[in-house]
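Visitor: Sharing start.cif, mmCIF, C-alpha atoms:
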```cif
data_query
#
loop_
_atom_site.label_atom_id
_atom_site.label_comp_id
_atom_site.auth_asym_id
_atom_site.auth_seq_id
_atom_site.Cartn_x
_atom_site.Cartn_y
_atom_site.Cartn_z
CA MET A 1 -21.81 13.13 -9.44
CA ARG A 2 -23.35 11.35 -6.48
CA LYS A 3 -22.00 12.69 -3.17
CA LEU A 4 -21.69 9.61 -1.02
CA ILE A 5 -18.71 9.90 1.31
CA THR A 6 -17.48 7.55 4.01
CA VAL A 7 -14.97 8.63 6.62
CA SER A 8 -12.89 6.08 8.51
CA ARG A 9 -10.76 7.69 11.19
CA GLU A 10 -8.21 7.09 13.89
CA PHE A 11 -9.37 8.14 17.35
CA GLY A 12 -8.37 11.76 17.96
CA SER A 13 -7.50 12.45 14.32
CA GLY A 14 -10.36 14.90 13.86
CA GLY A 15 -12.05 12.64 11.32
CA ARG A 16 -15.48 13.27 12.78
CA GLU A 17 -15.01 17.06 12.60
CA LEU A 18 -13.64 16.77 9.07
CA GLY A 19 -16.67 14.69 8.04
CA LYS A 20 -19.03 17.23 9.60
CA ARG A 21 -17.30 20.15 7.91
CA LEU A 22 -17.35 18.31 4.60
CA SER A 23 -21.10 17.70 4.88
CA ASP A 24 -21.61 21.38 5.75
CA ALA A 25 -19.49 22.52 2.80
CA LEU A 26 -21.43 20.26 0.44
CA GLY A 27 -24.85 20.84 2.03
CA ILE A 28 -25.50 17.11 2.48
CA ALA A 29 -26.56 14.91 5.41
CA TYR A 30 -24.11 13.77 8.08
CA TYR A 31 -24.50 10.47 9.95
CA ASP A 32 -22.47 9.38 12.92
CA ARG A 33 -24.20 9.10 16.29
CA GLU A 34 -27.52 8.95 14.40
CA ILE A 35 -26.68 5.39 13.36
CA VAL A 36 -26.57 4.27 17.00
CA THR A 37 -29.89 5.99 17.75
CA LYS A 38 -31.56 4.26 14.78
CA ILE A 39 -30.27 0.83 15.83
CA ALA A 40 -31.52 1.41 19.39
CA GLU A 41 -34.98 2.28 18.06
CA ARG A 42 -35.14 -1.00 16.16
CA THR A 43 -33.60 -3.41 18.64
CA THR A 44 -33.88 -4.17 22.31
CA PHE A 45 -30.40 -2.79 22.97
CA SER A 46 -29.85 0.56 24.64
CA GLU A 47 -27.92 3.35 22.88
CA LYS A 48 -25.28 3.09 25.60
CA TYR A 49 -24.79 -0.62 25.01
CA ILE A 50 -24.69 -0.25 21.23
CA GLY A 51 -22.22 2.62 21.58
CA GLU A 52 -20.01 0.39 23.69
CA GLN A 53 -20.17 -2.64 21.42
CA ILE A 54 -20.05 -0.87 18.10
CA GLU A 55 -16.65 -0.98 16.40
CA LYS A 56 -15.50 -3.76 18.68
CA LYS A 57 -14.62 -7.09 17.16
CA PRO A 58 -17.04 -9.66 18.62
CA SER A 59 -14.43 -12.36 18.98
CA SER A 60 -12.97 -10.53 21.95
CA PHE A 61 -15.81 -11.99 23.99
CA PHE A 62 -15.49 -15.46 25.48
CA PRO A 63 -15.02 -17.89 22.63
CA ILE A 64 -16.46 -21.31 23.41
CA THR A 65 -14.07 -24.21 22.98
CA ILE A 66 -15.48 -27.12 21.01
CA GLY A 67 -13.01 -29.94 20.61
CA ARG A 68 -9.75 -28.35 19.60
CA SER A 69 -11.23 -25.35 17.81
CA PHE A 70 -13.03 -22.24 18.93
CA SER A 71 -16.59 -21.51 18.01
CA TYR A 72 -18.67 -18.42 18.53
CA ALA A 73 -21.95 -20.02 17.58
CA GLY A 74 -24.37 -20.00 20.46
CA ASN A 75 -22.29 -17.44 22.33
CA PRO A 76 -24.83 -14.76 23.32
CA MET A 77 -22.30 -11.90 23.21
CA PHE A 78 -21.20 -12.92 19.75
CA GLU A 79 -24.76 -13.24 18.51
CA GLN A 80 -25.65 -9.83 19.93
CA ASN A 81 -22.67 -8.20 18.25
CA LEU A 82 -23.53 -9.80 14.97
CA SER A 83 -27.14 -8.69 15.13
CA ILE A 84 -26.03 -5.13 15.94
CA TYR A 85 -23.72 -5.24 12.91
CA GLN A 86 -26.50 -6.55 10.68
CA GLU A 87 -28.92 -3.88 11.85
CA GLN A 88 -26.22 -1.27 11.40
CA SER A 89 -25.62 -2.40 7.81
CA LYS A 90 -29.32 -2.02 7.09
CA VAL A 91 -29.44 1.45 8.67
CA ILE A 92 -26.37 2.60 6.71
CA ARG A 93 -27.81 1.31 3.43
CA GLU A 94 -31.08 3.12 4.09
CA MET A 95 -29.28 6.36 4.89
CA ALA A 96 -27.22 6.12 1.70
CA ALA A 97 -30.33 5.37 -0.35
CA LYS A 98 -32.21 8.37 1.04
CA SER A 99 -29.85 11.17 -0.02
CA ASP A 100 -26.25 12.28 -0.55
CA CYS A 101 -24.44 12.04 2.75
CA VAL A 102 -21.27 11.68 4.81
CA ILE A 103 -21.16 8.57 7.00
CA VAL A 104 -18.50 8.28 9.70
CA GLY A 105 -16.94 4.96 10.75
CA ARG A 106 -18.69 1.61 11.16
CA CYS A 107 -17.32 -0.07 8.00
CA ALA A 108 -19.60 2.11 5.86
CA ASP A 109 -16.96 2.09 3.11
CA TYR A 110 -17.30 -1.69 2.91
CA ILE A 111 -21.04 -1.94 3.54
CA LEU A 112 -21.72 0.50 0.69
CA LYS A 113 -19.05 -0.75 -1.71
CA ASP A 114 -21.53 -1.56 -4.51
CA LEU A 115 -22.52 2.13 -4.50
CA ASN A 116 -18.89 3.28 -5.02
CA PRO A 117 -18.71 5.75 -2.15
CA PHE A 118 -15.76 8.14 -1.96
CA ARG A 119 -13.79 6.60 0.89
CA ILE A 120 -11.69 8.84 3.12
CA PHE A 121 -9.33 7.68 5.87
CA VAL A 122 -8.27 10.28 8.44
CA TYR A 123 -5.16 9.79 10.57
CA ALA A 124 -2.55 11.73 12.51
CA ASP A 125 0.55 11.19 14.59
CA MET A 126 0.11 10.25 18.26
CA GLU A 127 1.13 13.63 19.67
CA SER A 128 -1.42 15.45 17.55
CA LYS A 129 -4.14 12.92 18.47
CA MET A 130 -3.36 13.41 22.16
CA THR A 131 -3.57 17.20 21.80
CA ARG A 132 -6.93 16.96 20.04
CA CYS A 133 -8.29 14.56 22.66
CA LYS A 134 -7.29 16.95 25.45
CA GLN A 135 -8.97 19.88 23.70
CA ASN A 136 -12.18 17.91 23.26
CA ALA A 137 -12.17 16.20 26.67
CA GLU A 138 -15.20 16.58 28.86
CA THR A 139 -14.67 17.79 32.43
CA GLY A 140 -13.30 15.07 34.64
CA GLU A 141 -11.61 13.23 31.81
CA ASP A 142 -8.14 14.39 32.80
CA LEU A 143 -6.04 11.34 31.97
CA SER A 144 -2.27 11.32 32.31
CA ASP A 145 -0.38 11.43 29.01
CA LYS A 146 0.59 7.80 29.45
CA LYS A 147 -3.00 6.70 30.04
CA LEU A 148 -4.33 8.86 27.21
CA LYS A 149 -1.80 7.39 24.79
CA ALA A 150 -2.73 3.86 25.88
CA THR A 151 -6.45 4.65 25.51
CA ILE A 152 -6.02 6.02 21.98
CA ALA A 153 -3.88 3.03 20.97
CA SER A 154 -6.42 0.62 22.46
CA ILE A 155 -9.44 2.22 20.74
CA ASP A 156 -7.65 2.16 17.37
CA LYS A 157 -6.59 -1.44 17.91
CA ASN A 158 -10.25 -2.33 18.49
CA ARG A 159 -11.34 -0.41 15.41
CA ALA A 160 -8.71 -2.22 13.34
CA LYS A 161 -9.83 -5.63 14.62
CA TYR A 162 -13.48 -4.77 14.08
CA TYR A 163 -12.80 -3.62 10.52
CA GLU A 164 -10.74 -6.68 9.72
CA PHE A 165 -13.32 -9.02 11.24
CA TYR A 166 -16.24 -7.71 9.19
CA THR A 167 -14.48 -6.75 5.93
CA GLY A 168 -11.53 -9.15 5.75
CA ASN A 169 -9.30 -6.17 4.95
CA ALA A 170 -6.59 -4.43 6.95
CA TRP A 171 -7.85 -1.13 8.38
CA HIS A 172 -4.63 0.72 7.55
CA ASP A 173 -4.36 -0.61 4.00
CA MET A 174 -4.48 2.47 1.76
CA LEU A 175 -6.13 0.45 -1.00
CA ASN A 176 -9.39 0.43 0.98
CA TYR A 177 -9.62 4.19 0.57
CA ASP A 178 -9.63 6.82 -2.18
CA LEU A 179 -7.95 9.46 -0.09
CA CYS A 180 -5.98 9.25 3.17
CA ILE A 181 -5.56 12.54 5.01
CA ASN A 182 -2.97 13.22 7.67
CA THR A 183 -4.42 15.88 9.97
CA THR A 184 -1.26 16.29 12.05
CA ASN A 185 -0.49 19.83 10.95
CA THR A 186 -3.70 20.63 9.19
CA ASP A 187 -6.46 23.13 9.65
CA LEU A 188 -9.58 20.96 9.30
CA GLU A 189 -11.74 23.76 7.93
CA SER A 190 -9.34 24.48 5.05
CA ILE A 191 -8.82 20.84 4.17
CA ALA A 192 -12.59 20.19 4.20
CA ASN A 193 -13.12 23.11 1.83
CA VAL A 194 -10.42 21.85 -0.55
CA ILE A 195 -11.68 18.27 -0.50
CA SER A 196 -15.26 19.37 -1.08
CA ASN A 197 -14.15 20.61 -4.53
CA ILE A 198 -13.72 17.01 -5.62
CA PHE A 199 -17.52 16.73 -5.64
CA GLU A 200 -18.38 20.04 -7.30
CA MET B 1 2.70 29.52 2.03
CA ARG B 2 5.82 27.88 0.59
CA LYS B 3 4.95 25.46 -2.22
CA LEU B 4 7.36 22.61 -1.72
CA ILE B 5 5.76 19.32 -2.69
CA THR B 6 7.21 15.81 -2.78
CA VAL B 7 5.50 12.98 -4.62
CA SER B 8 6.25 9.36 -3.74
CA ARG B 9 4.50 6.96 -6.04
CA GLU B 10 3.89 3.34 -6.87
CA PHE B 11 5.01 2.32 -10.34
CA GLY B 12 2.15 2.80 -12.80
CA SER B 13 0.02 4.83 -10.39
CA GLY B 14 0.31 8.01 -12.44
CA GLY B 15 2.25 9.79 -9.67
CA ARG B 16 4.66 11.34 -12.14
CA GLU B 17 1.81 12.74 -14.25
CA LEU B 18 0.00 13.97 -11.16
CA GLY B 19 3.18 15.73 -9.98
CA LYS B 20 3.65 17.34 -13.40
CA ARG B 21 0.04 18.49 -13.54
CA LEU B 22 0.31 19.87 -10.01
CA SER B 23 3.42 21.86 -10.91
CA ASP B 24 1.65 23.19 -14.03
CA ALA B 25 -1.46 24.16 -12.03
CA LEU B 26 0.69 25.98 -9.47
CA GLY B 27 3.18 27.41 -11.94
CA ILE B 28 6.19 25.99 -10.09
CA ALA B 29 9.22 23.91 -11.10
CA TYR B 30 9.02 20.14 -11.57
CA TYR B 31 11.97 17.83 -10.92
CA ASP B 32 12.13 14.17 -11.77
CA ARG B 33 14.52 13.04 -14.50
CA GLU B 34 16.41 16.33 -14.02
CA ILE B 35 17.82 14.96 -10.77
CA VAL B 36 19.53 12.11 -12.59
CA THR B 37 20.97 14.51 -15.20
CA LYS B 38 22.38 16.76 -12.47
CA ILE B 39 24.02 13.83 -10.65
CA ALA B 40 25.56 12.62 -13.92
CA GLU B 41 27.03 16.08 -14.52
CA ARG B 42 28.73 16.04 -11.16
CA THR B 43 29.95 12.45 -10.94
CA THR B 44 31.73 9.96 -13.16
CA PHE B 45 28.55 7.88 -13.48
CA SER B 46 26.49 7.85 -16.65
CA GLU B 47 22.82 8.87 -16.62
CA LYS B 48 21.94 5.33 -17.63
CA TYR B 49 23.83 3.84 -14.70
CA ILE B 50 22.40 6.32 -12.22
CA GLY B 51 18.93 5.69 -13.59
CA GLU B 52 19.42 1.98 -13.00
CA GLN B 53 20.83 2.28 -9.50
CA ILE B 54 18.64 5.05 -8.21
CA GLU B 55 15.83 3.87 -5.95
CA LYS B 56 17.48 0.50 -5.48
CA LYS B 57 18.56 -0.51 -2.03
CA PRO B 58 22.37 -0.88 -2.13
CA SER B 59 22.43 -3.91 0.14
CA SER B 60 21.12 -6.06 -2.70
CA PHE B 61 24.69 -6.09 -4.06
CA PHE B 62 27.17 -8.66 -2.79
CA PRO B 63 27.54 -8.15 0.94
CA ILE B 64 31.02 -9.05 2.20
CA THR B 65 31.16 -11.49 5.09
CA ILE B 66 33.41 -10.42 7.96
CA GLY B 67 33.47 -12.93 10.80
CA ARG B 68 29.82 -13.81 11.46
CA SER B 69 28.30 -10.55 10.30
CA PHE B 70 27.88 -8.84 6.96
CA SER B 71 29.60 -5.62 6.10
CA TYR B 72 29.17 -3.38 3.10
CA ALA B 73 32.27 -1.25 3.82
CA GLY B 74 34.80 -1.54 1.06
CA ASN B 75 32.23 -3.05 -1.30
CA PRO B 76 32.56 -0.93 -4.47
CA MET B 77 28.90 -1.33 -5.49
CA PHE B 78 27.75 -0.25 -2.05
CA GLU B 79 30.11 2.73 -2.01
CA GLN B 80 28.91 3.80 -5.46
CA ASN B 81 25.27 3.60 -4.46
CA LEU B 82 25.94 5.57 -1.33
CA SER B 83 27.79 8.29 -3.21
CA ILE B 84 24.94 8.54 -5.72
CA TYR B 85 22.50 8.90 -2.82
CA GLN B 86 24.65 11.59 -1.22
CA GLU B 87 24.95 13.55 -4.43
CA GLN B 88 21.23 13.15 -5.00
CA SER B 89 20.50 14.56 -1.53
CA LYS B 90 22.64 17.59 -2.34
CA VAL B 91 20.93 18.11 -5.71
CA ILE B 92 17.46 17.83 -4.14
CA ARG B 93 18.36 20.32 -1.40
CA GLU B 94 19.66 22.79 -3.96
CA MET B 95 16.52 22.44 -6.08
CA ALA B 96 14.30 23.02 -3.05
CA ALA B 97 16.39 26.04 -2.00
CA LYS B 98 16.14 27.64 -5.43
CA SER B 99 12.36 27.94 -5.77
CA ASP B 100 8.98 26.40 -5.07
CA CYS B 101 8.81 23.01 -6.77
CA VAL B 102 7.41 19.50 -7.07
CA ILE B 103 10.01 16.73 -6.63
CA VAL B 104 9.10 13.18 -7.61
CA GLY B 105 10.48 10.12 -5.80
CA ARG B 106 13.99 9.58 -4.48
CA CYS B 107 13.23 9.99 -0.76
CA ALA B 108 12.77 13.75 -1.27
CA ASP B 109 10.13 13.78 1.48
CA TYR B 110 12.76 12.54 3.93
CA ILE B 111 15.74 14.49 2.55
CA LEU B 112 13.80 17.76 2.85
CA LYS B 113 12.03 17.01 6.13
CA ASP B 114 13.48 20.06 7.92
CA LEU B 115 11.77 22.25 5.29
CA ASN B 116 8.34 20.68 5.98
CA PRO B 117 7.44 19.77 2.42
CA PHE B 118 3.88 18.74 1.61
CA ARG B 119 4.32 15.01 1.12
CA ILE B 120 2.03 13.16 -1.29
CA PHE B 121 1.93 9.40 -1.82
CA VAL B 122 0.25 8.17 -5.00
CA TYR B 123 -0.98 4.59 -5.31
CA ALA B 124 -3.50 2.46 -7.18
CA ASP B 125 -4.73 -1.10 -7.43
CA MET B 126 -2.72 -3.54 -9.59
CA GLU B 127 -5.24 -3.67 -12.44
CA SER B 128 -5.24 0.08 -12.82
CA LYS B 129 -1.41 0.23 -12.66
CA MET B 130 -1.20 -2.42 -15.38
CA THR B 131 -3.62 -0.50 -17.60
CA ARG B 132 -1.64 2.72 -17.16
CA CYS B 133 1.65 0.94 -17.90
CA LYS B 134 0.22 -0.48 -21.11
CA GLN B 135 -1.03 2.94 -22.21
CA ASN B 136 2.38 4.48 -21.57
CA ALA B 137 4.47 1.60 -22.91
CA GLU B 138 7.01 2.36 -25.62
CA THR B 139 6.89 0.25 -28.79
CA GLY B 140 8.34 -3.19 -28.26
CA GLU B 141 7.51 -3.26 -24.57
CA ASP B 142 4.64 -5.65 -25.01
CA LEU B 143 4.90 -7.76 -21.86
CA SER B 144 2.37 -10.44 -21.01
CA ASP B 145 0.02 -9.54 -18.15
CA LYS B 146 1.82 -11.97 -15.89
CA LYS B 147 5.23 -10.44 -16.65
CA LEU B 148 3.92 -6.90 -16.38
CA LYS B 149 2.39 -7.63 -12.98
CA ALA B 150 5.65 -9.18 -11.79
CA THR B 151 7.63 -6.19 -13.11
CA ILE B 152 5.40 -3.68 -11.33
CA ALA B 153 5.57 -5.66 -8.08
CA SER B 154 9.34 -5.95 -8.36
CA ILE B 155 9.92 -2.22 -9.01
CA ASP B 156 7.71 -1.28 -6.06
CA LYS B 157 9.48 -3.82 -3.85
CA ASN B 158 12.79 -2.17 -4.75
CA ARG B 159 11.41 1.29 -4.07
CA ALA B 160 10.13 0.13 -0.70
CA LYS B 161 13.49 -1.38 0.23
CA TYR B 162 15.36 1.69 -0.98
CA TYR B 163 13.10 3.99 1.04
CA GLU B 164 13.40 1.88 4.14
CA PHE B 165 17.17 1.62 3.81
CA TYR B 166 17.76 5.38 3.61
CA THR B 167 14.95 6.67 5.83
CA GLY B 168 14.40 3.89 8.33
CA ASN B 169 10.66 4.19 7.64
CA ALA B 170 8.21 1.88 5.90
CA TRP B 171 7.36 3.17 2.42
CA HIS B 172 3.66 2.37 2.78
CA ASP B 173 3.29 3.90 6.24
CA MET B 174 0.72 6.68 5.84
CA LEU B 175 2.38 8.66 8.61
CA ASN B 176 5.27 9.52 6.26
CA TYR B 177 2.86 11.50 4.10
CA ASP B 178 0.36 14.34 4.38
CA LEU B 179 -1.94 13.03 1.69
CA CYS B 180 -2.23 9.59 0.08
CA ILE B 181 -4.12 9.53 -3.20
CA ASN B 182 -5.61 6.42 -4.80
CA THR B 183 -5.64 7.03 -8.55
CA THR B 184 -7.53 3.82 -9.38
CA ASN B 185 -10.68 5.51 -10.62
CA THR B 186 -9.45 9.03 -10.81
CA ASP B 187 -9.01 11.58 -13.53
CA LEU B 188 -5.51 12.92 -12.80
CA GLU B 189 -6.20 16.37 -14.20
CA SER B 190 -9.20 16.95 -11.93
CA ILE B 191 -7.47 15.65 -8.82
CA ALA B 192 -4.38 17.81 -9.54
CA ASN B 193 -6.60 20.87 -9.85
CA VAL B 194 -8.37 20.11 -6.56
CA ILE B 195 -5.14 19.39 -4.68
CA SER B 196 -3.52 22.56 -6.00
CA ASN B 197 -6.11 24.54 -4.01
CA ILE B 198 -4.39 23.43 -0.82
CA PHE B 199 -1.56 25.81 -1.70
CA GLU B 200 -3.58 28.80 -2.87
#
```
The structure in this file should be written as structure tokens.
Guide:
Amino acid sequence: MRKLITVSREFGSGGRELGKRLSDALGIAYYDREIVTKIAERTTFSEKYIGEQIEKKPSSFFPITIGRSFSYAGNPMFEQNLSIYQEQSKVIREMAAKSDCVIVGRCADYILKDLNPFRIFVYADMESKMTRCKQNAETGEDLSDKKLKATIASIDKNRAKYYEFYTGNAWHDMLNYDLCINTTNTDLESIANVISNIFE
Amino acid sequence: MRKLITVSREFGSGGRELGKRLSDALGIAYYDREIVTKIAERTTFSEKYIGEQIEKKPSSFFPITIGRSFSYAGNPMFEQNLSIYQEQSKVIREMAAKSDCVIVGRCADYILKDLNPFRIFVYADMESKMTRCKQNAETGEDLSDKKLKATIASIDKNRAKYYEFYTGNAWHDMLNYDLCINTTNTDLESIANVISNIFE
């Protein structure tokens, strides 16, 4: 059985860690940040810029009004976002073609749909996401609970819009995934070990 | 670790079979139809009637208009449905108290929430649900595809309304569950064996 796994995840749900642990348990490649680095190598955009734009729906940037309707054509921000997405799709396809792997985020489930990847969605309740964000926060990132909650909600809203824009599907629709895992009260190491048995 | 598992499931998704296989793999009790039998023993309602009413939202029956608002108080159908639900809650609590078990449907995830059950939701795409329904159909149940699709959609709509009425939560909201399993392209025996490892 081909081990091609995509992980979509709510911010703070531990999806990235789960994906990493899964790739370790299965002894296969893991791609997350590497996708951004590859796009930067191939385009004129910096890693920082790509990191900022990636998983944001392009239409949030200055639509141009033509007559009574909106158009994005000719809008440089829109064009840039689209070309990042196209490059990203190419990178993800190449990674999947190279070897078994876990790919985190970035509509990989949709981009690779003809290869039938095993599609995981990772989520958790807000309290648990806030706790995980605090544990993983870098020094100086001490947000108030209110601000942290708003930040998490905002990032997930952007991810949902991004996903819907490029795939035409609702991000939270279970039917897009083979398995949806609530990490609220879960030990990520144990769950990764259990899930890895699906592919053995 | 206590093995208390609830399985909510879309009609035709194989949730019942998955629950049964899980209980077999773990060597624990399995409750589904037994709940109806127990309620019938304790009330004046027949198993057939309970089977028909169970997992239907009571408000679908003749609301009584009082002034400008609707009221269900005094409506015999509503009262009957409520008393079935109350008896069902008692039965489910007793079953959970007796031993480790798998309980299928009937808001068990919500009724037992103070016991922290492991809550599974089982779903599938329409085509796969139709195929499974046809395989499991009793003789004489040969519906056209159009009718079968409508029946599946209608049963799930009722389940969703029922769940929302008694729990206040949306049936398809992932946050109500610990694990959501898409059985579209899945071998139920293998997935039951993998999932059972969570409790070992």
Visitor: Name the residues that the PyMOL selection byres ((chain A and resi 127) around 12) pulls out of this structure, and write them as an mmCIF file with C-alpha atoms, in the frame of the given file.
Guide:
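Written output follows (out-v4.cif):
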```cif
data_model
loop_
_atom_site.group_PDB
_atom_site.id
_atom_site.type_symbol
_atom_site.label_atom_id
_atom_site.label_comp_id
_atom_site.auth_asym_id
_atom_site.auth_seq_id
_atom_site.Cartn_x
_atom_site.Cartn_y
_atom_site.Cartn_z
ATOM 1 C CA GLY A 12 -8.370 11.760 17.960
ATOM 2 C CA SER A 13 -7.500 12.450 14.320
ATOM 3 C CA TYR A 123 -5.160 9.790 10.570
ATOM 4 C CA ALA A 124 -2.550 11.730 12.510
ATOM 5 C CA ASP A 125 0.550 11.190 14.590
ATOM 6 C CA MET A 126 0.110 10.250 18.260
ATOM 7 C CA SER A 128 -1.420 15.450 17.550
ATOM 8 C CA LYS A 129 -4.140 12.920 18.470
ATOM 9 C CA MET A 130 -3.360 13.410 22.160
ATOM 10 C CA THR A 131 -3.570 17.200 21.800
ATOM 11 C CA ARG A 132 -6.930 16.960 20.040
ATOM 12 C CA CYS A 133 -8.290 14.560 22.660
ATOM 13 C CA LYS A 134 -7.290 16.950 25.450
ATOM 14 C CA ASP A 145 -0.380 11.430 29.010
ATOM 15 C CA LYS A 146 0.590 7.800 29.450
ATOM 16 C CA LEU A 148 -4.330 8.860 27.210
ATOM 17 C CA LYS A 149 -1.800 7.390 24.790
ATOM 18 C CA ILE A 152 -6.020 6.020 21.980
ATOM 19 C CA ALA A 153 -3.880 3.030 20.970
ATOM 20 C CA THR A 183 -4.420 15.880 9.970
ATOM 21 C CA THR A 184 -1.260 16.290 12.050
ATOM 22 C CA ASN A 185 -0.490 19.830 10.950
#
```
Visitor: Which one of A:His172, A:Arg16, A:Lys147, A:Arg159 sits closest to chain B if you count all atoms listed in the file?
Guide: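 Among the listed residues, the smallest separation from chain B belongs to A:His172.
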Visitor: Tell me which residues the PyMOL selection byres ((chain B) within 9 of (chain A)) grabs here, as number ranges by chain.
Guide: B: 123-125, 172-175, 177-186, 190-191, 194-198
Visitor: Could you list the residues chosen by the PyMOL selection byres ((chain A and resi 163) around 10) in this structure as a list in words?
Guide: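 Residues picked by the PyMOL selection byres ((chain A and resi 163) around 10): Ser8, Glu55, Lys56, Lys57, Gly105, Arg106, Cys107, Tyr110, Lys157, Asn158, Arg159, Ala160, Lys161, Tyr162, Glu164, Phe165, Tyr166, Thr167, Gly168, Asn169, Ala170, Trp171 and His172 of chain A.
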Visitor: I want to know what sits within 10 Å of B:Leu112, based on all atoms listed in the file, with residues of the same chain fewer than 6 positions away left out; could you give that as a PDB file with C-alpha atoms, in the coordinates of the input?
Guide:
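Full text of part_26.pdb as output:
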```pdb
ATOM      1  CA  LEU B   4       7.360  22.610  -1.720  1.00  0.00           C
ATOM      2  CA  ILE B   5       5.760  19.320  -2.690  1.00  0.00           C
ATOM      3  CA  THR B   6       7.210  15.810  -2.780  1.00  0.00           C
ATOM      4  CA  SER B  89      20.500  14.560  -1.530  1.00  0.00           C
ATOM      5  CA  ILE B  92      17.460  17.830  -4.140  1.00  0.00           C
ATOM      6  CA  ARG B  93      18.360  20.320  -1.400  1.00  0.00           C
ATOM      7  CA  ALA B  96      14.300  23.020  -3.050  1.00  0.00           C
ATOM      8  CA  ALA B  97      16.390  26.040  -2.000  1.00  0.00           C
TER       9      ALA B  97
END
```
Visitor: Go through A:Gly15, A:Glu79, A:Ile84, A:Leu22 one by one, measure the shortest atom-to-atom distance of each to A:Ser46 using all atoms listed in the file, and give the residue with the smallest value.
Guide: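 Among A:Gly15, A:Glu79, A:Ile84, A:Leu22, it is A:Ile84 that comes nearest to A:Ser46.
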Visitor: Distance atom CA of B:Leu115-atom CA of B:Glu52, one decimal place?
Guide: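 Between atom CA of B:Leu115 and atom CA of B:Glu52 the gap works out to 28.4 Å.
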Visitor: Quote the spacing between atom CA of A:Val104 and atom CA of A:Phe45 in Å to one decimal place.
Guide: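 Atom-to-atom, atom CA of A:Val104 and atom CA of A:Phe45 are spaced 21.0 Å apart.
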Visitor: What does the distance from atom CA of B:Ala40 to atom CA of B:Arg9 come to in Å, to one decimal?
Guide: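 Rounded to one decimal, the two atoms are 23.2 Å apart.
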